[in-house]
>>> print(open('coords33.txt').read())   # compact mmCIF, C-alpha atoms
# COMPACT_ATOMS: atom_id res chain seq x y z
CA MET A 1 -5.09 2.13 -76.75
CA LYS A 2 -6.66 4.71 -79.02
CA ASN A 3 -8.61 7.81 -78.17
CA ASN A 4 -10.79 10.45 -79.75
CA LEU A 5 -9.94 13.16 -77.30
CA ARG A 6 -9.43 15.68 -80.08
CA VAL A 7 -12.98 15.07 -81.34
CA HIS A 8 -14.53 15.61 -77.92
CA ARG A 9 -12.38 18.68 -77.40
CA ALA A 10 -13.64 20.08 -80.71
CA ILE A 11 -17.25 19.35 -79.74
CA LYS A 12 -16.79 21.28 -76.53
CA ASN A 13 -14.84 23.98 -78.40
CA LEU A 14 -11.87 23.80 -76.06
CA THR A 15 -8.23 24.45 -76.86
CA GLN A 16 -5.58 22.10 -75.51
CA ALA A 17 -4.53 24.81 -73.07
CA GLU A 18 -8.09 25.31 -71.82
CA LEU A 19 -8.64 21.59 -71.36
CA ALA A 20 -5.29 21.27 -69.61
CA GLU A 21 -6.25 24.01 -67.18
CA LEU A 22 -9.62 22.39 -66.46
CA ILE A 23 -8.06 19.10 -65.41
CA GLN A 24 -4.88 20.63 -63.92
CA VAL A 25 -2.26 19.17 -66.21
CA SER A 26 0.14 20.71 -68.72
CA ARG A 27 -0.77 21.34 -72.32
CA GLN A 28 2.06 18.99 -73.22
CA THR A 29 0.19 16.18 -71.46
CA ILE A 30 -2.99 16.77 -73.47
CA ASN A 31 -0.96 16.90 -76.67
CA THR A 32 0.83 13.61 -76.01
CA ILE A 33 -2.42 11.88 -75.02
CA GLU A 34 -4.06 13.02 -78.27
CA ALA A 35 -1.03 11.88 -80.23
CA GLY A 36 -1.36 8.44 -78.66
CA LYS A 37 2.13 8.71 -77.14
CA TYR A 38 0.98 8.58 -73.53
CA VAL A 39 -1.75 6.61 -71.76
CA PRO A 40 -3.22 8.68 -68.91
CA SER A 41 -3.83 7.37 -65.42
CA THR A 42 -7.29 6.27 -64.33
CA VAL A 43 -7.76 9.50 -62.39
CA LEU A 44 -6.88 11.64 -65.38
CA ALA A 45 -9.10 9.58 -67.69
CA LEU A 46 -12.01 9.98 -65.26
CA LYS A 47 -11.41 13.73 -65.08
CA LEU A 48 -11.52 13.93 -68.88
CA ALA A 49 -14.74 11.92 -68.98
CA ARG A 50 -16.27 14.27 -66.42
CA VAL A 51 -15.26 17.37 -68.40
CA PHE A 52 -16.82 15.99 -71.59
CA ASP A 53 -19.74 14.46 -69.71
CA VAL A 54 -19.38 11.12 -71.47
CA PRO A 55 -18.45 7.59 -70.35
CA ILE A 56 -14.70 6.85 -70.42
CA GLU A 57 -15.20 4.23 -73.17
CA GLU A 58 -16.35 6.98 -75.50
CA ILE A 59 -12.98 8.69 -75.17
CA PHE A 60 -10.58 5.73 -74.79
CA GLN A 61 -10.82 2.38 -76.57
CA LEU A 62 -8.70 -0.74 -76.27
CA GLU A 63 -7.01 -2.00 -79.39
CA GLU A 64 -6.44 -5.63 -80.44
CA GLU A 65 -2.83 -5.68 -79.27
CA ASP A 66 -3.66 -4.28 -75.79
CA MET B 1 7.53 8.83 -59.26
CA ASN B 2 5.54 10.72 -56.69
CA TYR B 3 6.16 14.35 -57.58
CA LYS B 4 4.83 15.48 -54.23
CA THR B 5 8.10 14.25 -52.66
CA LEU B 6 10.24 16.46 -54.90
CA LEU B 7 11.86 19.71 -53.85
CA PRO B 8 10.21 23.01 -54.81
CA ASN B 9 11.22 24.38 -58.21
CA ARG B 10 13.29 27.24 -56.72
CA PHE B 11 15.86 24.66 -55.46
CA LYS B 12 16.87 24.06 -59.09
CA LYS B 13 18.51 27.52 -59.31
CA PHE B 14 20.37 26.99 -56.01
CA GLY B 15 21.46 23.59 -57.23
CA TRP B 16 22.90 25.05 -60.43
CA LEU B 17 24.63 27.81 -58.48
CA ILE B 18 26.28 25.30 -56.14
CA PHE B 19 27.25 22.96 -58.99
CA ILE B 20 28.74 25.76 -61.13
CA LEU B 21 30.63 27.31 -58.19
CA ALA B 22 32.08 23.91 -57.25
CA SER B 23 33.10 23.36 -60.89
CA ILE B 24 34.81 26.77 -61.09
CA ILE B 25 36.74 26.04 -57.90
CA PHE B 26 37.69 22.59 -59.24
CA PHE B 27 39.11 23.93 -62.51
CA ALA B 28 40.77 26.91 -60.83
CA ALA B 29 42.41 24.63 -58.25
CA ARG B 30 43.71 22.35 -61.01
CA LYS B 31 44.96 25.21 -63.18
CA PHE B 32 46.71 27.13 -60.40
CA ASP B 33 47.60 24.07 -58.33
CA TRP B 34 45.81 25.61 -55.38
CA GLN B 35 45.14 23.81 -52.13
CA PRO B 36 43.96 26.03 -49.26
CA THR B 37 46.05 25.26 -46.18
CA PHE B 38 43.08 25.60 -43.81
CA LEU B 39 41.71 22.38 -45.36
CA ASP B 40 44.82 20.39 -44.48
CA ILE B 41 44.23 17.61 -42.01
CA THR B 42 46.25 14.75 -40.61
CA ILE B 43 44.68 11.32 -40.82
CA ASN B 44 45.63 7.95 -39.43
CA ASP B 45 45.32 5.70 -42.44
CA TYR B 46 45.99 2.08 -41.42
CA SER B 47 48.68 3.18 -38.94
CA LEU B 48 50.17 5.53 -41.48
CA ILE B 49 49.97 9.19 -40.56
CA THR B 50 49.28 11.16 -43.73
CA GLU B 51 48.57 14.77 -44.53
CA VAL B 52 45.64 15.30 -46.85
CA ASN B 53 43.88 18.34 -48.20
CA LEU B 54 40.10 18.20 -48.12
CA LEU B 55 39.47 20.50 -51.11
CA LYS B 56 38.49 17.71 -53.49
CA GLU B 57 36.19 16.18 -50.87
CA PHE B 58 34.42 19.53 -50.49
CA ILE B 59 34.20 19.99 -54.26
CA PHE B 60 32.79 16.50 -54.74
CA THR B 61 30.27 16.99 -51.92
CA PHE B 62 29.06 20.26 -53.37
CA TRP B 63 28.81 18.69 -56.82
CA MET B 64 26.59 15.97 -55.36
CA ILE B 65 24.47 18.45 -53.36
CA GLY B 66 24.05 20.63 -56.45
CA LEU B 67 23.05 17.67 -58.60
CA ILE B 68 20.60 16.40 -55.98
CA MET B 69 18.95 19.81 -55.85
CA ILE B 70 18.79 20.03 -59.66
CA THR B 71 17.56 16.50 -60.35
CA PHE B 72 15.07 16.26 -57.47
CA SER B 73 13.42 19.63 -58.00
CA LYS B 74 9.99 19.93 -59.50
CA GLU B 75 9.47 21.41 -62.91
CA LYS B 76 7.46 24.64 -63.01
CA GLN B 77 4.43 22.58 -63.90
CA GLU B 78 4.41 19.01 -62.62
CA ASP B 79 1.89 16.44 -63.70
CA GLU B 80 1.76 12.71 -64.36
CA PHE B 81 3.29 12.99 -67.82
CA ILE B 82 6.32 14.84 -66.43
CA SER B 83 6.57 12.11 -63.76
CA TYR B 84 6.51 9.51 -66.52
CA LEU B 85 9.30 11.33 -68.39
CA ARG B 86 11.24 11.61 -65.13
CA LEU B 87 11.01 7.88 -64.44
CA THR B 88 11.93 6.99 -68.03
CA SER B 89 14.94 9.32 -67.83
CA TRP B 90 16.17 7.73 -64.58
CA GLN B 91 15.88 4.27 -66.17
CA TYR B 92 17.91 5.29 -69.20
CA ALA B 93 20.46 7.14 -67.05
CA VAL B 94 21.06 4.12 -64.80
CA MET B 95 21.32 1.81 -67.81
CA ALA B 96 23.77 4.12 -69.61
CA SER B 97 25.83 4.55 -66.43
CA LEU B 98 26.16 0.78 -66.01
CA ILE B 99 27.33 0.46 -69.61
CA ILE B 100 29.87 3.25 -69.04
CA SER B 101 31.06 1.38 -65.92
CA ILE B 102 31.62 -1.80 -67.91
CA ILE B 103 33.47 0.07 -70.66
CA GLY B 104 35.57 1.92 -68.07
CA THR B 105 36.39 -1.27 -66.19
CA TRP B 106 37.90 -2.81 -69.31
CA SER B 107 39.65 0.26 -70.66
CA ILE B 108 40.95 2.17 -67.63
CA PHE B 109 43.47 0.59 -65.25
CA GLY B 110 45.54 1.34 -62.18
CA TRP B 111 45.10 4.59 -60.23
CA ASN B 112 43.19 6.11 -63.14
CA TYR B 113 40.45 3.56 -62.53
CA LEU B 114 40.05 4.91 -59.00
CA ILE B 115 39.60 8.42 -60.40
CA PHE B 116 37.20 7.09 -63.02
CA SER B 117 35.17 5.28 -60.32
CA ALA B 118 34.88 8.45 -58.27
CA ILE B 119 33.78 10.55 -61.26
CA ASN B 120 31.46 7.74 -62.39
CA MET B 121 29.32 8.39 -59.32
CA LEU B 122 28.23 11.62 -60.98
CA THR B 123 27.23 10.05 -64.30
CA VAL B 124 23.75 8.91 -63.23
CA PRO B 125 22.46 12.36 -62.22
CA LEU B 126 24.32 14.04 -65.10
CA LEU B 127 22.87 11.62 -67.65
CA PHE B 128 19.44 11.99 -66.08
CA MET B 129 19.61 15.78 -66.51
CA LEU B 130 20.61 15.38 -70.14
CA ILE B 131 17.99 12.76 -71.01
CA PHE B 132 15.14 14.38 -69.06
CA ASN B 133 15.67 17.80 -70.62
CA LEU B 134 16.04 16.22 -74.06
CA LEU B 135 12.73 14.39 -73.64
CA LEU B 136 11.04 17.57 -72.37
CA TYR B 137 12.38 19.53 -75.34
CA ARG B 138 11.33 16.86 -77.87
CA ASN B 139 7.83 16.68 -76.46
CA SER B 140 7.37 20.42 -76.29
CA ASN B 141 8.63 20.72 -79.89
CA LYS B 142 6.11 18.16 -81.11
CA GLN B 143 3.16 20.21 -79.94
CA THR B 144 0.84 21.06 -82.77
CA ALA B 145 -1.11 24.28 -82.95
CA ASP B 146 -4.23 24.45 -80.84
CA GLU B 147 -7.47 23.71 -82.58
CA LYS B 148 -10.58 25.65 -81.71
>>> encode(input="coords33.txt", output="structure tokens")
Amino acid sequence: MKNNLRVHRAIKNLTQAELAELIQVSRQTINTIEAGKYVPSTVLALKLARVFDVPIEEIFQLEEED
Amino acid sequence: MNYKTLLPNRFKKFGWLIFILASIIFFAARKFDWQPTFLDITINDYSLITEVNLLKEFIFTFWMIGLIMITFSKEKQEDEFISYLRLTSWQYAVMASLIISIIGTWSIFGWNYLIFSAINMLTVPLLFMLIFNLLLYRNSNKQTADEK
């Protein structure tokens, strides 16, 4: 799965720490999601979509091998 | 792993205190050949009356209690990623412990194997602590600078 979380974060002008605080996770979690090292749960993905006010598919996309 | 079932973070310090105190007593008892007489008991072991000292039982129990408190305490900030690291660490710790058991079974014999088996009970939580903290450190080190 790939994501463009960093892009949406930049659009909203949020730091990783600020975004982490908004959705009540650690900054480490945001960092590993952006790096593609961790796939968030449905709840976390929905929270991110709500913060950026976009559909989930705009943040997370399935890849061929998924 | 449901982090809501974990102990509060402050238990970690108590766990370390108990584990370290038990370790100090263990090494001191070995070095000075000390066995407190108030821990002597007489047991009926298959019709054989034997005198045993319960110091090592107490040490082992406190080791286990300390390790339980350390390994089942929350981190200061718990979230799903930390839970994921926790689960991964337990998997690796169990796997490594089983491999150590196999190696020990084929390389340690006689009464020493009994001692190895007893100590081997501690390897899972000890390995978990090592692996979990290593994974936490590696992931915190990989953090890039914030972008505005």
>>> atom_distance(input="coords33.txt", atom1="atom CA of Ala17 of chain A", atom2="atom CA of Glu75 of chain B")
17.6 Å
>>> closest_atom_pairs(input="coords33.txt", of="chain A", to="segment 78-90 of chain B", cutoff="10 Å", atoms="all atoms listed in the file", output="Markdown table")
| residue | atom | partner | partner_atom | distance |
| --- | --- | --- | --- | --- |
| A:Gln24 | CA | B:Asp79 | CA | 8.0 |
| A:Val25 | CA | B:Asp79 | CA | 5.6 |
| A:Ser26 | CA | B:Asp79 | CA | 6.8 |
| A:Gln28 | CA | B:Phe81 | CA | 8.2 |
| A:Thr29 | CA | B:Phe81 | CA | 5.7 |
| A:Ile30 | CA | B:Phe81 | CA | 9.3 |
| A:Thr32 | CA | B:Phe81 | CA | 8.6 |
| A:Ile33 | CA | B:Phe81 | CA | 9.3 |
| A:Tyr38 | CA | B:Phe81 | CA | 7.6 |
| A:Val39 | CA | B:Phe81 | CA | 9.0 |
| A:Pro40 | CA | B:Glu80 | CA | 7.9 |
| A:Ser41 | CA | B:Glu80 | CA | 7.8 |
| A:Leu44 | CA | B:Glu80 | CA | 8.8 |
>>> closest_residue(input="coords33.txt", among="B:Ile59, B:Gly15, B:Gly104, B:Asn44", to="Phe27 of chain B", atoms="only C-alpha atoms")
B:Ile59
>>> atom_distance(input="coords33.txt", atom1="atom CA of Asn4 of chain A", atom2="atom CA of Lys47 of chain A")
15.0 Å
>>> atom_distance(input="coords33.txt", atom1="atom CA of Thr42 of chain A", atom2="atom CA of Thr5 of chain B")
20.9 Å
>>> residues_around(input="coords33.txt", residues="Arg10 of chain B", least_positions_apart="4", cutoff="9 Å", atoms="only C-alpha atoms", output="ChimeraX atom specification")
/B:14-15,73-74,76
>>> closest_residue(input="coords33.txt", among="B:Phe72, B:Tyr137, B:Phe26, B:Phe116", to="Glu57 of chain B", atoms="only C-alpha atoms")
B:Phe26
>>> decode(input="coords33.txt", residues="segment 10-24 of chain A", atoms="all heavy atoms", output="PDB file, in the first residue's frame")
ATOM      1  N   ALA A  10       1.457  18.574   4.144  1.00  0.00           N
ATOM      2  CA  ALA A  10       2.044  19.833   3.659  1.00  0.00           C
ATOM      3  C   ALA A  10       0.948  20.809   3.231  1.00  0.00           C
ATOM      4  O   ALA A  10       1.034  22.016   3.498  1.00  0.00           O
ATOM      5  CB  ALA A  10       2.981  19.548   2.493  1.00  0.00           C
ATOM      6  N   ILE A  11      -0.099  20.280   2.618  1.00  0.00           N
ATOM      7  CA  ILE A  11      -1.215  21.142   2.183  1.00  0.00           C
ATOM      8  C   ILE A  11      -1.864  21.813   3.381  1.00  0.00           C
ATOM      9  O   ILE A  11      -2.199  23.001   3.368  1.00  0.00           O
ATOM     10  CB  ILE A  11      -2.269  20.325   1.387  1.00  0.00           C
ATOM     11  CG1 ILE A  11      -1.698  19.878   0.041  1.00  0.00           C
ATOM     12  CG2 ILE A  11      -3.550  21.123   1.170  1.00  0.00           C
ATOM     13  CD1 ILE A  11      -2.516  18.831  -0.675  1.00  0.00           C
ATOM     14  N   LYS A  12      -2.018  21.011   4.443  1.00  0.00           N
ATOM     15  CA  LYS A  12      -2.636  21.557   5.661  1.00  0.00           C
ATOM     16  C   LYS A  12      -1.638  22.302   6.549  1.00  0.00           C
ATOM     17  O   LYS A  12      -2.007  22.812   7.607  1.00  0.00           O
ATOM     18  CB  LYS A  12      -3.237  20.392   6.480  1.00  0.00           C
ATOM     19  CG  LYS A  12      -4.582  19.921   5.989  1.00  0.00           C
ATOM     20  CD  LYS A  12      -5.695  20.740   6.630  1.00  0.00           C
ATOM     21  CE  LYS A  12      -7.045  20.181   6.212  1.00  0.00           C
ATOM     22  NZ  LYS A  12      -8.154  20.867   6.843  1.00  0.00           N
ATOM     23  N   ASN A  13      -0.362  22.283   6.119  1.00  0.00           N
ATOM     24  CA  ASN A  13       0.697  22.963   6.878  1.00  0.00           C
ATOM     25  C   ASN A  13       0.795  22.444   8.314  1.00  0.00           C
ATOM     26  O   ASN A  13       0.829  23.218   9.277  1.00  0.00           O
ATOM     27  CB  ASN A  13       0.441  24.490   6.870  1.00  0.00           C
ATOM     28  CG  ASN A  13       1.702  25.253   7.202  1.00  0.00           C
ATOM     29  OD1 ASN A  13       2.806  24.788   6.963  1.00  0.00           O
ATOM     30  ND2 ASN A  13       1.537  26.434   7.782  1.00  0.00           N
ATOM     31  N   LEU A  14       0.838  21.131   8.426  1.00  0.00           N
ATOM     32  CA  LEU A  14       0.953  20.498   9.743  1.00  0.00           C
ATOM     33  C   LEU A  14       2.299  19.792   9.861  1.00  0.00           C
ATOM     34  O   LEU A  14       2.759  19.165   8.910  1.00  0.00           O
ATOM     35  CB  LEU A  14      -0.143  19.439   9.934  1.00  0.00           C
ATOM     36  CG  LEU A  14      -1.585  19.911  10.127  1.00  0.00           C
ATOM     37  CD1 LEU A  14      -2.537  18.720  10.036  1.00  0.00           C
ATOM     38  CD2 LEU A  14      -1.760  20.609  11.466  1.00  0.00           C
ATOM     39  N   THR A  15       2.895  19.871  11.043  1.00  0.00           N
ATOM     40  CA  THR A  15       4.092  19.063  11.304  1.00  0.00           C
ATOM     41  C   THR A  15       3.638  17.652  11.677  1.00  0.00           C
ATOM     42  O   THR A  15       2.451  17.427  11.974  1.00  0.00           O
ATOM     43  CB  THR A  15       4.918  19.640  12.455  1.00  0.00           C
ATOM     44  OG1 THR A  15       4.109  19.604  13.643  1.00  0.00           O
ATOM     45  CG2 THR A  15       5.364  21.067  12.175  1.00  0.00           C
ATOM     46  N   GLN A  16       4.589  16.738  11.693  1.00  0.00           N
ATOM     47  CA  GLN A  16       4.252  15.362  12.097  1.00  0.00           C
ATOM     48  C   GLN A  16       3.721  15.349  13.534  1.00  0.00           C
ATOM     49  O   GLN A  16       2.771  14.647  13.863  1.00  0.00           O
ATOM     50  CB  GLN A  16       5.483  14.463  11.996  1.00  0.00           C
ATOM     51  CG  GLN A  16       5.889  14.149  10.583  1.00  0.00           C
ATOM     52  CD  GLN A  16       7.088  13.222  10.525  1.00  0.00           C
ATOM     53  OE1 GLN A  16       7.831  13.062  11.492  1.00  0.00           O
ATOM     54  NE2 GLN A  16       7.314  12.614   9.364  1.00  0.00           N
ATOM     55  N   ALA A  17       4.368  16.166  14.376  1.00  0.00           N
ATOM     56  CA  ALA A  17       3.968  16.216  15.786  1.00  0.00           C
ATOM     57  C   ALA A  17       2.541  16.745  15.933  1.00  0.00           C
ATOM     58  O   ALA A  17       1.747  16.230  16.728  1.00  0.00           O
ATOM     59  CB  ALA A  17       4.952  17.058  16.579  1.00  0.00           C
ATOM     60  N   GLU A  18       2.232  17.780  15.145  1.00  0.00           N
ATOM     61  CA  GLU A  18       0.885  18.378  15.228  1.00  0.00           C
ATOM     62  C   GLU A  18      -0.174  17.393  14.751  1.00  0.00           C
ATOM     63  O   GLU A  18      -1.242  17.244  15.357  1.00  0.00           O
ATOM     64  CB  GLU A  18       0.833  19.669  14.391  1.00  0.00           C
ATOM     65  CG  GLU A  18       1.556  20.826  15.044  1.00  0.00           C
ATOM     66  CD  GLU A  18       1.827  21.977  14.066  1.00  0.00           C
ATOM     67  OE1 GLU A  18       1.600  21.813  12.846  1.00  0.00           O
ATOM     68  OE2 GLU A  18       2.291  23.035  14.526  1.00  0.00           O
ATOM     69  N   LEU A  19       0.131  16.720  13.645  1.00  0.00           N
ATOM     70  CA  LEU A  19      -0.816  15.729  13.126  1.00  0.00           C
ATOM     71  C   LEU A  19      -0.983  14.586  14.128  1.00  0.00           C
ATOM     72  O   LEU A  19      -2.095  14.123  14.371  1.00  0.00           O
ATOM     73  CB  LEU A  19      -0.328  15.190  11.776  1.00  0.00           C
ATOM     74  CG  LEU A  19      -1.193  14.111  11.132  1.00  0.00           C
ATOM     75  CD1 LEU A  19      -2.617  14.614  10.894  1.00  0.00           C
ATOM     76  CD2 LEU A  19      -0.578  13.634   9.815  1.00  0.00           C
ATOM     77  N   ALA A  20       0.122  14.166  14.717  1.00  0.00           N
ATOM     78  CA  ALA A  20       0.075  13.073  15.701  1.00  0.00           C
ATOM     79  C   ALA A  20      -0.826  13.448  16.876  1.00  0.00           C
ATOM     80  O   ALA A  20      -1.622  12.634  17.355  1.00  0.00           O
ATOM     81  CB  ALA A  20       1.486  12.753  16.187  1.00  0.00           C
ATOM     82  N   GLU A  21      -0.700  14.679  17.301  1.00  0.00           N
ATOM     83  CA  GLU A  21      -1.513  15.134  18.437  1.00  0.00           C
ATOM     84  C   GLU A  21      -2.997  15.182  18.070  1.00  0.00           C
ATOM     85  O   GLU A  21      -3.863  14.811  18.868  1.00  0.00           O
ATOM     86  CB  GLU A  21      -1.055  16.532  18.846  1.00  0.00           C
ATOM     87  CG  GLU A  21      -1.766  17.061  20.064  1.00  0.00           C
ATOM     88  CD  GLU A  21      -0.813  17.729  21.046  1.00  0.00           C
ATOM     89  OE1 GLU A  21       0.398  17.814  20.753  1.00  0.00           O
ATOM     90  OE2 GLU A  21      -1.292  18.149  22.097  1.00  0.00           O
ATOM     91  N   LEU A  22      -3.274  15.587  16.836  1.00  0.00           N
ATOM     92  CA  LEU A  22      -4.679  15.688  16.393  1.00  0.00           C
ATOM     93  C   LEU A  22      -5.386  14.338  16.407  1.00  0.00           C
ATOM     94  O   LEU A  22      -6.564  14.234  16.732  1.00  0.00           O
ATOM     95  CB  LEU A  22      -4.735  16.262  14.966  1.00  0.00           C
ATOM     96  CG  LEU A  22      -4.631  17.776  14.846  1.00  0.00           C
ATOM     97  CD1 LEU A  22      -4.525  18.178  13.376  1.00  0.00           C
ATOM     98  CD2 LEU A  22      -5.832  18.473  15.486  1.00  0.00           C
ATOM     99  N   ILE A  23      -4.637  13.286  16.013  1.00  0.00           N
ATOM    100  CA  ILE A  23      -5.288  11.968  15.936  1.00  0.00           C
ATOM    101  C   ILE A  23      -4.846  11.038  17.080  1.00  0.00           C
ATOM    102  O   ILE A  23      -5.128   9.843  17.067  1.00  0.00           O
ATOM    103  CB  ILE A  23      -5.051  11.283  14.569  1.00  0.00           C
ATOM    104  CG1 ILE A  23      -3.568  11.131  14.278  1.00  0.00           C
ATOM    105  CG2 ILE A  23      -5.730  12.069  13.460  1.00  0.00           C
ATOM    106  CD1 ILE A  23      -3.301  10.258  13.055  1.00  0.00           C
ATOM    107  N   GLN A  24      -4.154  11.630  18.070  1.00  0.00           N
ATOM    108  CA  GLN A  24      -3.822  10.918  19.318  1.00  0.00           C
ATOM    109  C   GLN A  24      -2.949   9.679  19.097  1.00  0.00           C
ATOM    110  O   GLN A  24      -3.263   8.579  19.575  1.00  0.00           O
ATOM    111  CB  GLN A  24      -5.090  10.530  20.085  1.00  0.00           C
ATOM    112  CG  GLN A  24      -5.847  11.730  20.566  1.00  0.00           C
ATOM    113  CD  GLN A  24      -7.289  11.399  20.916  1.00  0.00           C
ATOM    114  OE1 GLN A  24      -7.916  10.530  20.310  1.00  0.00           O
ATOM    115  NE2 GLN A  24      -7.801  12.074  21.906  1.00  0.00           N
TER     116      GLN A  24
END
